[in-house]
Amino acid sequence: MEHEIFFWFLAILAAIFVGLGKGGLPVIASLAVPSLSLVMSPITAAGLLLPVYIVSDIFALSAYRRDNDKQVVIIAIVGMTAGVFIGWLTAHIMIEWAVTFLIGLMGSVFALHSILDKSPQVDRGKILNKKRGYFWCTIAGFTSFISHNGGPPWQIFVVPLRLSKTVFVGTSVIAFSYCNAIKLVPYYLLGQVNLFSFKVSLYLMIPASIAVYAGVRLVKLIPEKIFFKLVI
């Protein structure tokens, strides 16, 4: 009984993290799978949360559908498609803790670089390097497939573009909504999404959906400079 209560507490908390992340606070979303991993394997947790991510994406798209950078979205679609495909092909040999360590290392190095970087702002058009974008979006698609944590490599590509707060969030929402949607078939074929997990996911969609709107309101209230400090 106590174990079941603890499971539902963590599951609802993870769903709220997903919703807040989709509402525009990506750092919080990265806590979802680790939270559920306290009571189940990370792979099972990722499969359980995927439908929650997809439903949250629908609500987030309704809020941010007009705010996006089309060039960045196109690069993301190409790169993330490749990354998800690589993740599917290598899922049976992938060491998850190693991927998690790599994600954390990338995020830490990028955050440190951003904090220490004192270079002046440059024109966005001069720094939109498509090859660099395809590379980091492929990594983002791959790490998103493994553990729903494509944020750090995505930020390495997008944050230096110096998009406005709402365009950054909207572009991220569209990119990862696409990424989550194309993950559904391979997750099902790998057995990570099944009838039992989907029944649990249905309950978790409710707090996640509410949290999306809470995240949207928080993003509107947070000043842009503080927002990007929180993102990295």
# chains A, B, ... in the order shown; residues from 1 in each chain; ligands from 1

$ residues_around --residues "segment 43-51 of chain A" --least-positions-apart "4" --cutoff "9 Å" --atoms "only C-alpha atoms" --output "MDAnalysis selection string"
chainID A and resid 11 14:15 18 32:37 39 55:56 96 145:148 180:181 183:184 187:188 191:194 197:198 200:202 204:205

$ residues_around --residues "Tyr213 of chain A" --least-positions-apart "4" --cutoff "8 Å" --atoms "only C-alpha atoms" --output "VMD selection string"
chain A and resid 19 to 20 23 59 to 60 209 217

$ closest_residue --among "A:Leu190, A:Ile5, A:Leu230, A:Val78" --to "Thr90 of chain A" --atoms "only C-alpha atoms"
A:Leu190

$ closest_residue --among "A:Ile174, A:Ala76, A:Ala214, A:Val159" --to "Ile139 of chain A" --atoms "only C-alpha atoms"
A:Ala76

$ residues_around --residues "Val84 of chain A" --least-positions-apart "2" --cutoff "9 Å" --atoms "only C-alpha atoms" --output "PyMOL selection string"
chain A and resi 79-82+86-89+138-146+179+182-183+186

$ closest_residue --among "A:Gly21, A:Gly170, A:Pro26, A:Gly133" --to "Val158 of chain A" --atoms "only C-alpha atoms"
A:Gly133

$ atom_distance --atom1 "atom CA of Ala29 of chain A" --atom2 "atom CA of Arg132 of chain A"
24.6 Å

$ atom_distance --atom1 "atom CA of Gly150 of chain A" --atom2 "atom CA of Phe6 of chain A"
27.3 Å

$ atom_distance --atom1 "atom CA of Phe17 of chain A" --atom2 "atom CA of Pro223 of chain A"
21.0 Å

$ closest_residue --among "A:Ile75, A:His92, A:Phe85, A:Arg162" --to "Tyr134 of chain A" --atoms "only C-alpha atoms"
A:Ile75

$ closest_residue --among "A:Tyr203, A:Ile93, A:Trp136, A:Leu25" --to "Phe227 of chain A" --atoms "only C-alpha atoms"
A:Leu25

$ closest_residue --among "A:Ile226, A:Val212, A:Ile77, A:Val72" --to "Val52 of chain A" --atoms "only C-alpha atoms"
A:Val212
